[in-house]
$ cat model.pdb   # PDB, C-alpha atoms
ATOM      1  CA  MET R   8      17.931  18.715 -14.969
ATOM      2  CA  VAL R   9      19.619  15.773 -13.200
ATOM      3  CA  SER R  10      22.723  17.930 -12.776
ATOM      4  CA  ASP R  11      20.651  20.347 -10.680
ATOM      5  CA  TYR R  12      19.861  17.530  -8.231
ATOM      6  CA  CYS R  13      23.487  16.361  -8.228
ATOM      7  CA  ALA R  14      24.431  19.749  -6.803
ATOM      8  CA  MET R  15      22.051  19.251  -3.855
ATOM      9  CA  PRO R  16      22.925  17.454  -0.608
ATOM     10  CA  PRO R  17      22.629  13.663  -0.965
ATOM     11  CA  ASN R  18      19.191  12.161  -0.382
ATOM     12  CA  ARG R  19      19.208   8.841   1.459
ATOM     13  CA  LEU R  20      16.082   7.615  -0.332
ATOM     14  CA  PHE R  21      16.440   8.887  -3.893
ATOM     15  CA  THR R  22      19.264   9.282  -6.387
ATOM     16  CA  PRO R  23      19.404  12.490  -8.472
ATOM     17  CA  ALA R  24      17.851  10.638 -11.440
ATOM     18  CA  MET R  25      15.004   9.389  -9.214
ATOM     19  CA  LEU R  26      14.419  12.915  -7.885
ATOM     20  CA  GLU R  27      13.988  14.177 -11.450
ATOM     21  CA  VAL R  28      10.959  11.852 -11.780
ATOM     22  CA  ALA R  29       9.659  12.081  -8.221
ATOM     23  CA  LEU R  30       9.502  15.877  -8.290
ATOM     24  CA  ALA R  31       7.830  16.197 -11.701
ATOM     25  CA  PRO R  32       4.175  15.234 -11.047
ATOM     26  CA  GLN R  33       3.118  17.242 -14.086
ATOM     27  CA  SER R  34       4.652  14.455 -16.197
ATOM     28  CA  TRP R  35       3.167  11.489 -14.313
ATOM     29  CA  ARG R  36       0.775   9.106 -16.070
ATOM     30  CA  LEU R  37      -1.867   7.378 -13.944
ATOM     31  CA  VAL R  38      -3.153   3.821 -14.220
ATOM     32  CA  GLY R  39      -5.967   2.703 -11.896
ATOM     33  CA  GLY R  40      -8.004   4.568  -9.336
ATOM     34  CA  GLY R  41     -11.116   4.229 -11.499
ATOM     35  CA  LEU R  42      -9.588   6.510 -14.136
ATOM     36  CA  PRO R  43      -8.936   5.939 -17.842
ATOM     37  CA  ALA R  44      -5.488   4.314 -18.076
ATOM     38  CA  GLU R  45      -2.813   6.641 -19.406
ATOM     39  CA  MET R  46      -0.468   3.778 -20.371
ATOM     40  CA  PRO R  47      -1.299   1.052 -22.909
ATOM     41  CA  VAL R  48      -2.357  -2.506 -22.163
ATOM     42  CA  VAL R  49       0.208  -4.906 -23.648
ATOM     43  CA  ARG R  50       0.179  -8.535 -24.681
ATOM     44  CA  ASP R  51       2.845 -10.398 -22.738
ATOM     45  CA  ASP R  52       2.159 -14.126 -22.649
ATOM     46  CA  SER R  53       5.111 -14.908 -20.370
ATOM     47  CA  HIS R  54       4.021 -12.283 -17.869
ATOM     48  CA  ARG R  55       0.402 -13.479 -17.963
ATOM     49  CA  GLU R  56       1.485 -17.063 -17.291
ATOM     50  CA  TRP R  57       3.664 -15.871 -14.398
ATOM     51  CA  MET R  58       0.859 -13.621 -13.109
ATOM     52  CA  ALA R  59      -1.488 -16.608 -12.719
ATOM     53  CA  GLY R  60       0.536 -17.770  -9.709
ATOM     54  CA  ASN R  61       1.949 -14.454  -8.524
ATOM     55  CA  SER R  62      -0.999 -12.133  -7.928
ATOM     56  CA  HIS R  63      -2.635 -11.081  -4.684
ATOM     57  CA  ARG R  64      -5.136  -8.641  -3.217
ATOM     58  CA  HIS R  65      -5.569  -7.047   0.203
ATOM     59  CA  ALA R  66      -7.705  -4.627   2.167
ATOM     60  CA  HIS R  67      -5.530  -1.532   1.793
ATOM     61  CA  ARG R  68      -4.630   0.720  -1.113
ATOM     62  CA  GLU R  69      -1.129   0.820  -2.586
ATOM     63  CA  VAL R  70       0.599   3.091  -5.079
ATOM     64  CA  LEU R  71       3.627   2.386  -7.273
ATOM     65  CA  LEU R  72       5.566   5.182  -8.944
ATOM     66  CA  VAL R  73       8.041   3.967 -11.575
ATOM     67  CA  LEU R  74      11.271   5.925 -11.120
ATOM     68  CA  SER R  75      13.383   4.234 -13.801
ATOM     69  CA  GLY R  76      13.102   1.458 -16.374
ATOM     70  CA  GLU R  77      10.153   0.217 -18.408
ATOM     71  CA  PRO R  78       8.801  -2.898 -16.639
ATOM     72  CA  HIS R  79       5.400  -4.438 -17.311
ATOM     73  CA  PHE R  80       2.940  -4.585 -14.405
ATOM     74  CA  GLY R  81      -0.260  -6.564 -13.948
ATOM     75  CA  LEU R  82      -3.274  -4.815 -12.435
ATOM     76  CA  GLY R  83      -6.911  -5.907 -12.441
ATOM     77  CA  GLY R  84      -6.234  -8.770 -14.853
ATOM     78  CA  ARG R  85      -4.508  -6.536 -17.434
ATOM     79  CA  ILE R  86      -0.810  -6.060 -18.135
ATOM     80  CA  TYR R  87       0.356  -2.491 -18.631
ATOM     81  CA  ALA R  88       3.471  -0.965 -20.109
ATOM     82  CA  SER R  89       5.255   1.570 -17.934
ATOM     83  CA  ALA R  90       7.967   4.189 -18.075
ATOM     84  CA  PRO R  91       9.515   6.583 -15.564
ATOM     85  CA  GLY R  92       6.647   8.623 -14.143
ATOM     86  CA  THR R  93       3.983   5.931 -14.483
ATOM     87  CA  VAL R  94       1.814   5.743 -11.338
ATOM     88  CA  PHE R  95      -0.158   2.582 -10.581
ATOM     89  CA  VAL R  96      -3.001   3.119  -8.089
ATOM     90  CA  LEU R  97      -3.915  -0.263  -6.581
ATOM     91  CA  GLU R  98      -7.358  -0.169  -4.995
ATOM     92  CA  ALA R  99      -8.317  -2.240  -1.948
ATOM     93  CA  PHE R 100      -9.090  -5.867  -2.890
ATOM     94  CA  GLU R 101      -7.947  -5.286  -6.490
ATOM     95  CA  SER R 102      -5.827  -8.111  -7.890
ATOM     96  CA  HIS R 103      -2.288  -7.081  -8.856
ATOM     97  CA  ASP R 104       1.203  -8.478  -9.332
ATOM     98  CA  LEU R 105       3.016  -9.788  -6.292
ATOM     99  CA  GLU R 106       6.426  -8.257  -6.984
ATOM    100  CA  TRP R 107       7.915  -8.677 -10.505
ATOM    101  CA  PRO R 108       8.881 -11.553 -12.827
ATOM    102  CA  PRO R 109      12.572 -12.569 -12.716
ATOM    103  CA  TRP R 110      13.136 -11.305 -16.297
ATOM    104  CA  THR R 111      12.002  -7.758 -15.414
ATOM    105  CA  PRO R 112      14.494  -5.172 -16.744
ATOM    106  CA  ASP R 113      16.520  -3.146 -14.274
ATOM    107  CA  SER R 114      14.230  -0.534 -12.760
ATOM    108  CA  ASP R 115      13.436   1.462  -9.624
ATOM    109  CA  HIS R 116      10.052   2.041  -8.024
ATOM    110  CA  LEU R 117       8.663   4.066  -5.145
ATOM    111  CA  TRP R 118       6.185   1.809  -3.364
ATOM    112  CA  MET R 119       3.616   3.401  -1.043
ATOM    113  CA  GLY R 120       1.280   1.390   1.185
ATOM    114  CA  ILE R 121      -1.685   3.319   2.583
ATOM    115  CA  ILE R 122      -3.268   2.072   5.796
ATOM    116  CA  GLY R 123      -5.804   4.479   7.260
ATOM    117  CA  CYS R 124      -4.043   7.836   7.467
ATOM    118  CA  GLU R 125      -0.577   6.273   7.527
ATOM    119  CA  VAL R 126       1.652   5.911   4.483
ATOM    120  CA  GLY R 127       4.676   3.626   4.341
ATOM    121  CA  GLY R 128       7.037   4.364   1.487
ATOM    122  CA  ARG R 129      10.240   2.739   0.274
ATOM    123  CA  VAL R 130      12.296   2.509  -2.875
ATOM    124  CA  LEU R 131      12.362  -0.924  -4.535
ATOM    125  CA  SER R 132      15.152  -1.672  -7.003
ATOM    126  CA  ILE R 133      15.406  -4.544  -9.478
ATOM    127  CA  ARG R 134      18.842  -5.462 -10.719
ATOM    128  CA  GLU R 135      19.476  -8.551 -12.849
ATOM    129  CA  GLY R 136      16.083  -9.926 -11.811
ATOM    130  CA  LEU R 137      16.696  -9.547  -8.078
ATOM    131  CA  LEU R 138      14.556  -7.266  -5.897
ATOM    132  CA  THR R 139      16.106  -5.181  -3.133
ATOM    133  CA  ALA R 140      14.459  -2.647  -0.851
ATOM    134  CA  GLN R 141      15.691   0.293   1.136
ATOM    135  CA  ARG R 142      14.340   0.926   4.621
ATOM    136  CA  THR R 143      10.741   2.028   4.996
ATOM    137  CA  GLU R 144       9.893   5.630   5.797
ATOM    138  CA  HIS R 145       6.607   6.520   7.478
ATOM    139  CA  LEU R 146       4.652   9.755   7.463
ATOM    140  CA  LEU R 147       1.175  10.793   8.454
ATOM    141  CA  VAL R 148      -1.172  11.789   5.664
ATOM    142  CA  ASP R 149      -2.873  14.807   7.235
ATOM    143  CA  GLN R 150      -4.895  17.161   5.046
ATOM    144  CA  ALA R 151      -3.549  20.051   7.117
ATOM    145  CA  VAL R 152       0.001  19.047   6.115
ATOM    146  CA  VAL R 153      -0.317  17.245   2.783
ATOM    147  CA  ALA R 154      -2.575  18.983   0.277
ATOM    148  CA  GLY R 155      -5.221  16.627  -1.054
ATOM    149  CA  GLY R 156      -4.334  13.862   1.391
ATOM    150  CA  PRO R 157      -7.942  12.694   1.913
ATOM    151  CA  ALA R 158      -8.133  11.745  -1.784
ATOM    152  CA  LEU R 159      -6.160   8.634  -0.837
ATOM    153  CA  THR R 160      -7.980   7.789   2.384
ATOM    154  CA  GLU R 161     -11.607   8.550   1.539
ATOM    155  CA  ALA R 162     -14.044   7.558  -1.187
ATOM    156  CA  THR R 163     -13.463   9.816  -4.157
ATOM    157  CA  GLY R 164     -17.024  10.201  -5.451
ATOM    158  CA  TRP R 165     -17.355  12.536  -8.407
ATOM    159  CA  HIS R 166     -17.240   9.577 -10.794
ATOM    160  CA  ASP R 167     -18.799  11.712 -13.522
ATOM    161  CA  LEU R 168     -15.845  14.112 -13.355
ATOM    162  CA  PRO R 169     -12.711  12.007 -13.971
ATOM    163  CA  ALA R 170     -10.596  15.118 -14.501
ATOM    164  CA  LEU R 171     -11.429  16.230 -10.955
ATOM    165  CA  VAL R 172     -10.727  12.778  -9.518
ATOM    166  CA  ARG R 173      -7.389  12.716 -11.334
ATOM    167  CA  ALA R 174      -6.467  16.181 -10.085
ATOM    168  CA  ARG R 175      -7.257  15.238  -6.479
ATOM    169  CA  LEU R 176      -5.272  12.006  -6.688
ATOM    170  CA  LEU R 177      -2.336  13.753  -8.326
ATOM    171  CA  LEU R 178      -2.363  16.481  -5.685
ATOM    172  CA  ALA R 179      -2.387  13.930  -2.871
ATOM    173  CA  LEU R 180       0.352  11.807  -4.398
ATOM    174  CA  ALA R 181       2.560  14.803  -5.156
ATOM    175  CA  GLY R 182       2.241  15.952  -1.535
ATOM    176  CA  ILE R 183       3.127  12.515  -0.165
ATOM    177  CA  VAL R 184       6.088  12.010  -2.494
ATOM    178  CA  THR R 185       7.351  15.495  -1.683
ATOM    179  CA  SER R 186       7.150  14.671   2.034
ATOM    180  CA  LEU R 187       9.146  11.481   1.456
ATOM    181  CA  VAL R 188      11.762  13.384  -0.524
ATOM    182  CA  GLU R 189      12.035  15.920   2.294
ATOM    183  CA  ARG R 190      12.415  13.064   4.766
ATOM    184  CA  GLY R 191      15.310  11.763   2.690
ATOM    185  CA  PHE R 192      17.122  15.084   2.955
ATOM    186  CA  GLU R 193      17.036  15.014   6.755
ATOM    187  CA  VAL R 194      20.563  14.606   8.065
ATOM    188  CA  GLU R 195      19.640  12.195  10.823
ATOM    189  CA  GLU R 196      17.412   9.173  10.379
ATOM    190  CA  PRO R 197      14.654   8.777  12.979
ATOM    191  CA  PRO R 198      15.631   6.371  15.780
ATOM    192  CA  ALA R 199      14.866   2.769  14.856
ATOM    193  CA  GLY R 200      12.775   2.339  17.998
ATOM    194  CA  ASP R 201      10.530   5.274  17.061
ATOM    195  CA  VAL R 202       9.986   3.902  13.553
ATOM    196  CA  GLN R 203       9.170   0.449  14.930
ATOM    197  CA  ARG R 204       6.653   1.798  17.447
ATOM    198  CA  ARG R 205       4.983   3.977  14.844
ATOM    199  CA  THR R 206       4.773   1.015  12.477
ATOM    200  CA  VAL R 207       3.147  -1.169  15.128
ATOM    201  CA  GLN R 208       0.622   1.564  15.915
ATOM    202  CA  ALA R 209      -0.230   1.930  12.206
ATOM    203  CA  VAL R 210      -0.789  -1.829  11.985
ATOM    204  CA  ARG R 211      -2.928  -1.720  15.148
ATOM    205  CA  ARG R 212      -5.130   1.068  13.764
ATOM    206  CA  TYR R 213      -5.544  -0.773  10.496
ATOM    207  CA  ILE R 214      -6.718  -3.941  12.255
ATOM    208  CA  GLU R 215      -9.169  -1.910  14.339
ATOM    209  CA  GLU R 216     -10.562   0.000  11.346
ATOM    210  CA  THR R 217     -11.104  -3.141   9.263
ATOM    211  CA  ALA R 218     -12.069  -5.437  12.173
ATOM    212  CA  GLY R 219      -9.685  -7.884  10.537
ATOM    213  CA  ARG R 220     -11.488  -8.055   7.173
ATOM    214  CA  GLY R 221      -8.980  -8.773   4.439
ATOM    215  CA  VAL R 222      -6.049  -8.522   6.846
ATOM    216  CA  THR R 223      -3.204 -10.926   6.120
ATOM    217  CA  LEU R 224       0.179 -11.273   7.741
ATOM    218  CA  ASP R 225       1.837 -11.034   4.328
ATOM    219  CA  GLY R 226       0.080  -7.728   3.624
ATOM    220  CA  LEU R 227       0.948  -6.276   7.025
ATOM    221  CA  ALA R 228       4.572  -7.332   6.652
ATOM    222  CA  LYS R 229       4.801  -5.747   3.214
ATOM    223  CA  PHE R 230       3.409  -2.492   4.545
ATOM    224  CA  SER R 231       5.726  -2.509   7.551
ATOM    225  CA  GLY R 232       8.879  -3.221   5.579
ATOM    226  CA  TYR R 233       9.801  -5.939   8.066
ATOM    227  CA  SER R 234       9.789  -9.697   7.696
ATOM    228  CA  LYS R 235       6.662 -11.479   8.947
ATOM    229  CA  TYR R 236       8.550 -12.890  11.915
ATOM    230  CA  HIS R 237      10.111  -9.576  12.917
ATOM    231  CA  LEU R 238       6.737  -7.819  12.691
ATOM    232  CA  LEU R 239       5.149 -10.538  14.838
ATOM    233  CA  ARG R 240       7.833 -10.013  17.485
ATOM    234  CA  LEU R 241       7.501  -6.209  17.429
ATOM    235  CA  PHE R 242       3.705  -6.318  17.618
ATOM    236  CA  GLN R 243       3.631  -8.748  20.542
ATOM    237  CA  ARG R 244       6.323  -6.753  22.353
ATOM    238  CA  ASP R 245       4.382  -3.481  22.090
ATOM    239  CA  MET R 246       0.803  -4.761  22.314
ATOM    240  CA  GLY R 247       1.147  -7.772  24.595
ATOM    241  CA  LEU R 248      -0.875  -9.829  22.096
ATOM    242  CA  THR R 249      -0.084 -11.622  18.866
ATOM    243  CA  ILE R 250      -1.482 -10.159  15.649
ATOM    244  CA  HIS R 251      -3.861 -13.120  15.420
ATOM    245  CA  GLN R 252      -5.136 -12.498  18.957
ATOM    246  CA  TYR R 253      -5.609  -8.791  18.248
ATOM    247  CA  VAL R 254      -7.536  -9.516  15.042
ATOM    248  CA  ASP R 255      -9.813 -11.842  17.032
ATOM    249  CA  ARG R 256     -10.350  -9.173  19.697
ATOM    250  CA  CYS R 257     -11.334  -6.576  17.086
ATOM    251  CA  ARG R 258     -13.601  -9.012  15.269
ATOM    252  CA  LEU R 259     -15.402  -9.948  18.475
ATOM    253  CA  ARG R 260     -15.874  -6.273  19.326
ATOM    254  CA  ARG R 261     -17.411  -5.698  15.894
ATOM    255  CA  VAL R 262     -19.650  -8.766  16.262
ATOM    256  CA  ARG R 263     -21.065  -7.394  19.518
ATOM    257  CA  GLU R 264     -21.562  -3.918  18.014
ATOM    258  CA  LEU R 265     -23.450  -5.301  15.023
ATOM    259  CA  ARG R 266     -25.566  -7.620  17.141
ATOM    260  CA  ALA R 267     -26.526  -4.650  19.305
ATOM    261  CA  GLU R 268     -27.713  -2.947  16.094
ATOM    262  CA  GLY R 269     -29.881  -5.970  15.291
ATOM    263  CA  ALA R 270     -27.715  -7.422  12.514
ATOM    264  CA  THR R 271     -28.081 -11.106  11.714
ATOM    265  CA  ASP R 272     -25.121 -13.449  12.010
ATOM    266  CA  ALA R 273     -25.282 -13.988   8.252
ATOM    267  CA  ARG R 274     -24.782 -10.274   7.626
ATOM    268  CA  ILE R 275     -22.069 -10.033  10.282
ATOM    269  CA  GLY R 276     -20.149 -12.926   8.769
ATOM    270  CA  ARG R 277     -20.237 -11.293   5.345
ATOM    271  CA  GLU R 278     -19.088  -7.956   6.735
ATOM    272  CA  LEU R 279     -16.163  -9.575   8.528
ATOM    273  CA  GLY R 280     -15.100 -11.358   5.355
ATOM    274  CA  PHE R 281     -15.808 -14.968   6.282
ATOM    275  CA  SER R 282     -16.063 -17.241   3.249
ATOM    276  CA  SER R 283     -19.268 -18.959   4.407
ATOM    277  CA  ALA R 284     -21.859 -18.999   7.182
ATOM    278  CA  PRO R 285     -20.582 -22.340   8.573
ATOM    279  CA  SER R 286     -17.005 -21.025   8.852
ATOM    280  CA  PHE R 287     -18.241 -17.950  10.712
ATOM    281  CA  SER R 288     -20.383 -20.150  12.976
ATOM    282  CA  ARG R 289     -17.383 -22.353  13.803
ATOM    283  CA  TRP R 290     -15.268 -19.280  14.544
ATOM    284  CA  LEU R 291     -17.931 -17.948  16.941
ATOM    285  CA  LYS R 292     -18.289 -21.313  18.686
ATOM    286  CA  GLN R 293     -14.534 -21.621  19.215
ATOM    287  CA  ARG R 294     -14.603 -18.249  20.985
ATOM    288  CA  GLY R 295     -17.665 -18.941  23.135
ATOM    289  CA  GLU R 296     -19.964 -16.613  21.220
ATOM    290  CA  ARG R 297     -22.628 -19.178  20.229
TER     291      ARG R 297
END
$ encode --input "model.pdb" --output "structure tokens"
Amino acid sequence: MVSDYCAMPPNRLFTPAMLEVALAPQSWRLVGGGLPAEMPVVRDDSHREWMAGNSHRHAHREVLLVLSGEPHFGLGGRIYASAPGTVFVLEAFESHDLEWPPWTPDSDHLWMGIIGCEVGGRVLSIREGLLTAQRTEHLLVDQAVVAGGPALTEATGWHDLPALVRARLLLALAGIVTSLVERGFEVEEPPAGDVQRRTVQAVRRYIEETAGRGVTLDGLAKFSGYSKYHLLRLFQRDMGLTIHQYVDRCRLRRVRELRAEGATDARIGRELGFSSAPSFSRWLKQRGER
């Protein structure tokens, strides 16, 4: 099968062996997404100790497709075995590993960050414990273009029919991965300026949709594929505001909308993700809203 892909034009995102996994969704095994896990939970004391200081959570959904190797991965407080074709669906605000332990065996992964209707995808490779990443590719998840796309951007429902939920997720993921593979076969890469502007606009939409709840610079940088400092420069160049200033603007807009609906400050603070009523009160006072 790999020989068939070797005969094709080179793909700038995937090797022939990676394509064999990426284009075989019928063999994928899903972990997460509210579904019964299709890979076993393992006992790995070293990984659990490492995981205690190397986990995070954020406001957007992510997906990891293992393309090669058999690394362990921590999700929702459990450690799972994996193999090529394992798909980890990381829900918003679900705790999961921040990268991989230094003893992780050589492996390749397709990472996909989902912010609103935008998907950022890149191949992550681990060699001798070191993580490297290829450039990020972006595509729009549009149900008119990618079959099943809304399964990744909307509430699934149908919790009493896990087979249907799985089918919808698999359909969406297969469409997105196929689009990324097609992007890799394009002879010319999109101009860097176009990719940067599209990335900034995806980040902007995400901040607006969440009103800043759960938004972190680390999470935005990971989605963008840029360093935190480069993303800060790009965002301020295109938007005329820092990310922090734009988050504040969106939060204040949401505060005024909720107040107009009669919401109490206590409810507004909770919705915006403030840790306590006093912290929200201080934030309002600093911005002249008290």
$ resolve_selection --input "model.pdb" --expression "the PyMOL selection byres ((chain R and resi 204-212) around 9)" --output "PyMOL selection string"
chain R and resi 122-127+145+199-203+213-217+227+230-231+238+241-242+245-246+250+253
$ residues_around --input "model.pdb" --residues "stretch 132-138 of chain R" --least-positions-apart "4" --cutoff "9 Å" --atoms "only C-alpha atoms" --output "ChimeraX atom specification"
/R:106-117
$ atom_distance --input "model.pdb" --atom1 "atom CA of R:Phe192" --atom2 "atom CA of R:Pro17"
6.9 Å
$ atom_distance --input "model.pdb" --atom1 "atom CA of R:Met15" --atom2 "atom CA of R:Val184"
17.6 Å
$ atom_distance --input "model.pdb" --atom1 "atom CA of R:Arg50" --atom2 "atom CA of R:Glu69"
24.0 Å
$ resolve_selection --input "model.pdb" --expression "the PyMOL selection byres ((chain R and resi 278-281) around 12)" --output "VMD selection string"
chain R and resid 65 to 66 100 214 to 223 254 to 255 257 to 262 265 270 to 277 282 to 291
$ resolve_selection --input "model.pdb" --expression "the PyMOL selection byres ((chain R and resi 97) around 10)" --output "JSON, numbers by chain"
{"R": [38, 39, 40, 41, 64, 65, 67, 68, 69, 70, 71, 82, 83, 94, 95, 96, 98, 99, 100, 101, 102, 103, 120]}
$ write_last_selection --input "model.pdb" --atoms "C-alpha atoms" --output "CSV table (one decimal), in the coordinates of the input"
chain,number,residue,atom,x,y,z
R,38,VAL,CA,-3.2,3.8,-14.2
R,39,GLY,CA,-6.0,2.7,-11.9
R,40,GLY,CA,-8.0,4.6,-9.3
R,41,GLY,CA,-11.1,4.2,-11.5
R,64,ARG,CA,-5.1,-8.6,-3.2
R,65,HIS,CA,-5.6,-7.0,0.2
R,67,HIS,CA,-5.5,-1.5,1.8
R,68,ARG,CA,-4.6,0.7,-1.1
R,69,GLU,CA,-1.1,0.8,-2.6
R,70,VAL,CA,0.6,3.1,-5.1
R,71,LEU,CA,3.6,2.4,-7.3
R,82,LEU,CA,-3.3,-4.8,-12.4
R,83,GLY,CA,-6.9,-5.9,-12.4
R,94,VAL,CA,1.8,5.7,-11.3
R,95,PHE,CA,-0.2,2.6,-10.6
R,96,VAL,CA,-3.0,3.1,-8.1
R,98,GLU,CA,-7.4,-0.2,-5.0
R,99,ALA,CA,-8.3,-2.2,-1.9
R,100,PHE,CA,-9.1,-5.9,-2.9
R,101,GLU,CA,-7.9,-5.3,-6.5
R,102,SER,CA,-5.8,-8.1,-7.9
R,103,HIS,CA,-2.3,-7.1,-8.9
R,120,GLY,CA,1.3,1.4,1.2
$ axis_aligned_box --input "model.pdb" --around "stretch 264-274 of chain R" --padding-each-side "5 Å" --output "AutoDock Vina command-line options"
--center_x -25.7 --center_y -8.5 --center_z 13.5 --size_x 18.3 --size_y 21.0 --size_z 21.7
$ closest_residue --input "model.pdb" --among "R:Ala181, R:Leu105, R:Val188, R:Ile86" --to "R:Ala44" --atoms "only C-alpha atoms"
R:Ile86
$ closest_atom_pairs --input "model.pdb" --of "stretch 182-268 of chain R" --to "stretch 22-30 of chain R" --cutoff "12 Å" --atoms "only C-alpha atoms" --output "Markdown table"
| residue | atom | partner | partner_atom | distance |
| --- | --- | --- | --- | --- |
| R:Gly182 | CA | R:Leu30 | CA | 9.9 |
| R:Ile183 | CA | R:Ala29 | CA | 10.4 |
| R:Val184 | CA | R:Ala29 | CA | 6.7 |
| R:Thr185 | CA | R:Leu30 | CA | 7.0 |
| R:Ser186 | CA | R:Leu30 | CA | 10.7 |
| R:Leu187 | CA | R:Ala29 | CA | 9.7 |
| R:Val188 | CA | R:Leu26 | CA | 7.8 |
| R:Glu189 | CA | R:Leu26 | CA | 10.9 |
| R:Gly191 | CA | R:Thr22 | CA | 10.2 |
| R:Phe192 | CA | R:Thr22 | CA | 11.2 |
$ write_last_selection --input "model.pdb" --atoms "C-alpha atoms" --output "CSV table (one decimal), in the frame of the given file"
chain,number,residue,atom,x,y,z
R,182,GLY,CA,2.2,16.0,-1.5
R,183,ILE,CA,3.1,12.5,-0.2
R,184,VAL,CA,6.1,12.0,-2.5
R,185,THR,CA,7.4,15.5,-1.7
R,186,SER,CA,7.2,14.7,2.0
R,187,LEU,CA,9.1,11.5,1.5
R,188,VAL,CA,11.8,13.4,-0.5
R,189,GLU,CA,12.0,15.9,2.3
R,191,GLY,CA,15.3,11.8,2.7
R,192,PHE,CA,17.1,15.1,3.0
$ closest_residue --input "model.pdb" --among "R:Leu239, R:Leu74, R:Leu42, R:Val130" --to "R:His251" --atoms "all atoms listed in the file"
R:Leu239
$ closest_residue --input "model.pdb" --among "R:Met58, R:Ala88, R:Ala267, R:Leu20" --to "R:Ala140" --atoms "all atoms listed in the file"
R:Leu20
$ decode --input "model.pdb" --residues "stretch 202-213 of chain R" --atoms "N, CA and C atoms" --output "PDB file, in the first residue's frame"
ATOM      1  N   VAL R 202      -1.311  33.481   4.696  1.00  0.00           N
ATOM      2  CA  VAL R 202      -1.468  32.558   5.822  1.00  0.00           C
ATOM      3  C   VAL R 202      -1.478  33.339   7.136  1.00  0.00           C
ATOM      4  N   GLN R 203      -0.595  34.309   7.263  1.00  0.00           N
ATOM      5  CA  GLN R 203      -0.522  35.100   8.492  1.00  0.00           C
ATOM      6  C   GLN R 203      -1.805  35.880   8.717  1.00  0.00           C
ATOM      7  N   ARG R 204      -2.319  36.506   7.652  1.00  0.00           N
ATOM      8  CA  ARG R 204      -3.557  37.291   7.805  1.00  0.00           C
ATOM      9  C   ARG R 204      -4.733  36.391   8.148  1.00  0.00           C
ATOM     10  N   ARG R 205      -4.797  35.227   7.524  1.00  0.00           N
ATOM     11  CA  ARG R 205      -5.900  34.320   7.814  1.00  0.00           C
ATOM     12  C   ARG R 205      -5.810  33.805   9.254  1.00  0.00           C
ATOM     13  N   THR R 206      -4.589  33.572   9.713  1.00  0.00           N
ATOM     14  CA  THR R 206      -4.398  33.126  11.092  1.00  0.00           C
ATOM     15  C   THR R 206      -4.857  34.190  12.071  1.00  0.00           C
ATOM     16  N   VAL R 207      -4.481  35.439  11.826  1.00  0.00           N
ATOM     17  CA  VAL R 207      -4.887  36.526  12.717  1.00  0.00           C
ATOM     18  C   VAL R 207      -6.403  36.656  12.740  1.00  0.00           C
ATOM     19  N   GLN R 208      -7.045  36.514  11.585  1.00  0.00           N
ATOM     20  CA  GLN R 208      -8.500  36.637  11.535  1.00  0.00           C
ATOM     21  C   GLN R 208      -9.175  35.478  12.267  1.00  0.00           C
ATOM     22  N   ALA R 209      -8.582  34.277  12.205  1.00  0.00           N
ATOM     23  CA  ALA R 209      -9.137  33.146  12.959  1.00  0.00           C
ATOM     24  C   ALA R 209      -9.017  33.403  14.457  1.00  0.00           C
ATOM     25  N   VAL R 210      -7.889  33.940  14.882  1.00  0.00           N
ATOM     26  CA  VAL R 210      -7.693  34.267  16.298  1.00  0.00           C
ATOM     27  C   VAL R 210      -8.685  35.346  16.720  1.00  0.00           C
ATOM     28  N   ARG R 211      -8.876  36.352  15.872  1.00  0.00           N
ATOM     29  CA  ARG R 211      -9.824  37.434  16.182  1.00  0.00           C
ATOM     30  C   ARG R 211     -11.234  36.883  16.362  1.00  0.00           C
ATOM     31  N   ARG R 212     -11.676  36.022  15.448  1.00  0.00           N
ATOM     32  CA  ARG R 212     -13.024  35.460  15.549  1.00  0.00           C
ATOM     33  C   ARG R 212     -13.186  34.630  16.816  1.00  0.00           C
ATOM     34  N   TYR R 213     -12.153  33.904  17.151  1.00  0.00           N
ATOM     35  CA  TYR R 213     -12.197  33.072  18.352  1.00  0.00           C
ATOM     36  C   TYR R 213     -12.366  33.924  19.607  1.00  0.00           C
TER      37      TYR R 213
END
